[in-house]
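Novice: Dropping a structure here in structure tokens format, bear with me for questions.
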Amino acid sequence: MGARIEVPVLIVGAGPVGLTASILLAQQGVESLVVERQDSLKRAPAAHVVNARSFEIFRTAGVDPGAIAAACQHPSDAGHVRWVTTLVGEEIGQLPFERQGEDVLPLTPTPLRNLSQHRLEPILLEHLRKQANASIRLAHEWEAAEQDARGVTSNVRDTATGASVGVRSRWLLAADGAGSRVRKALGIEPIGPARLGSFLMIHFQANLRPLVRKRPAILYWVTDPNARGTFVAHDIDAEWVFMQSWDPEQESAEDYTEARCAEIMRRAIGNAAVDFEIRTLSTWHMSAQVVERYRDGRVFLVGDAAHRFPPTGGLGLNTGVQDAHNLAWKLAGVEAGWAPPRLLDSYEIERRPVARENADVSLRNAARMLEVFQTLGPAGDGDRGRVRVAIANQAEHFDMLGLQLGFQYEAGALVADGSPRPVVGNPVREFAQCGRPGARVPHAWVEFGGERVSTLDLLPADRFTLIAGSAGADWIDAAASLATPPLRCMTIGCDVPDPDDAWSACLGVERDGALLVRPDQHVAWRARKAVADPRATLRGALDRILGR
């Protein structure tokens with residue numbers, strides 16, 4: 001082995017999850033190195049949905065909001081999904097795509113948008129490169145590692161020169177995707193179906209706005225039996241993907257020549273005169289898997305290395321970003337010495353159930369989508385009234401705010417208070433904010449420093465926050481007596497305006513109560529009202545949260 005590098009955290013993989021993990025660690029003072037086997041970031045489109053919770057995380061991490069806004073598709077272009085005979089043919093039905101308007105601003109400062117992964121990654125990379133304690137090496141492939149009681153020694157190969165680089169880290173994060181080499185080396189098995197279907201993806205450049213001007217959408221399902229597939233409009237004016245099923249048992253990817261793919265697309269578009277340029281062809285398998293365990297000693301799996309979902313719901317990238325958010329503050333606490341290593345056990349305890357639910361909902365969406373084509377029949381001439389009913393049945397698939405923002409941890413780095421979850425009619429679609437331990441702390445708009453900001457903006461990302469009611473001075477005094485962990489104190493009505501007590505009511509605390517928020521904005525503990533010994537109560541809560 002040649003050169004040797006020492007770094008607290010090695011991150012394998014420079015997708016959105018690996019880049020986010022490095023940014024969040026840097027924000028909390030932990031140095032990391034990202035290695036990526038490709039010599040550049042993703043060029044072809046992949047995921048295209050970034051939901052509200054992920055945008056909240058990027059906002060907290062200080063990622064340039066202007067760059068993100070400029071890269072997102074406007075809801076007027078990407079606000080619907082449509083079923084059409086061909087792209088220029090009859091429209092059979094349509095549905096709105098998620099809630100992207102001002103109606104969700106009371107629940108989140110950052111509504112969902114369609115932001116293609118290959119446009120998000122350069123924004124994250126630019127932000128990472130501005131961090132003094134984060135670095136990245138492209139064209140460096142992780143090959144193997146050995147663990148001992150104090151750390152991990154990895155062998156990384158420079159793919160340009162073939163030279164080996166030794167990386168000694170205290171922790172290793174595997175963010176190297178669905179085919180994770182790290183996961184395979186550890187012998188960690190994914191649980192669930194590995195192949196629900198196989199698909200050919202044709203990435204092409206074209207301006208198709210003249211064809212879809214009156215009915216823009218992010219997704220078009222083509223129902224013609226001779227051209228069935230799905231168009232994904234990553235940019236109506238420039239960049240598209242067409243996907244169709246294929247059978248790897250009967251044919252190979254090489255059978256799909258550029259000429260054959262061009263003919264497939266012309267049939268699906270329904271206009272042979274359209275100009276387009278095919279850029280890449282690839283294949284992929286739909287699966288619904290969650291690994292049996294998220295950790296092996298000092299190695300953690302994050303993102304697609306830990307879970308794979310059907311794309312029906314756009315949850316894959318977002319779940320991975322939230323994995324990184326959950327793990328980063330815990331690693332930072334252990335590195336700084338204010339949390340014991342056992343805190344890291346809570347990562348799997350909290351995140352695996354979320355992945356399992358997201359996999360189940362995505363699988364249910366995929367199965368339900370078949371109803372439309374079953375109703376159409378093999379010839380595509382099924383009763384249009386019944387087909388429209390089948391399309392209406394897909395509404396939950398494209399309206400999942402409750403799942404995206406409402407996930408709550410039931411056990412882990414928190415102290416449950418026995419309160420029930422808010423009751424909603426459909427927890428996938430409907431989101432009710434609350435201050436229950438395990439939930440994301442409620443968002444509200446407040447005036448602060450002469451500006452309108454979200455309450456989420458007031459929570460530091462590198463420490464816990466104690467939020468005390470307007471008569472909760474005893475809680476503030478108790479917090480001041482504690483040496484660790486790093487803790488910021490805020491009093492409602494003083495540090496956080498709440499003139500109508502609406503936010504306090506949402507938090508579920510009385511004027512003399514308090515609430516403790518983790519660095520990842522999830523509620524860790526709550527005292528609805530005053531107690532006899534606030535100092536001992538708060539210290540005991542922190543000991544249970546951190547596993548001290």
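Chain labels A, B, ... are given in the sequence in which chains occur in the structure tokens; within each chain residues are numbered consecutively from 1, and ligands are likewise numbered from 1 in the order shown.
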So which residues of region 361-419 of chain A fall under alpha helix (DSSP H) by DSSP, listed as number ranges by chain?
Specialist: A: 361-376, 384-392, 401-406
Novice: Please determine, counting only C-alpha atoms, which residue among A:Ala253, A:Val334, A:Ala69, A:Cys494 has the shortest atom-to-atom distance to Trp284 (chain A).
Specialist: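 When distances to Trp284 (chain A) are compared using only C-alpha atoms, the smallest one comes from A:Ala253.
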Novice: Which residues, written as an MDAnalysis selection string, have at least one atom at most 10 Å from region 79-88 of chain A, with only C-alpha atoms counted and residues fewer than 6 positions away on the same chain left out?
Specialist: chainID A and resid 73 94:101 113:114 208 210:212 215:232 265:271 372 380 388 391 398
Novice: State, in Å with one decimal place, the distance from CA of Pro534 (chain A) to CA of Ile349 (chain A).
Specialist: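 Straight-line distance from CA of Pro534 (chain A) to CA of Ile349 (chain A) works out to 28.4 Å.
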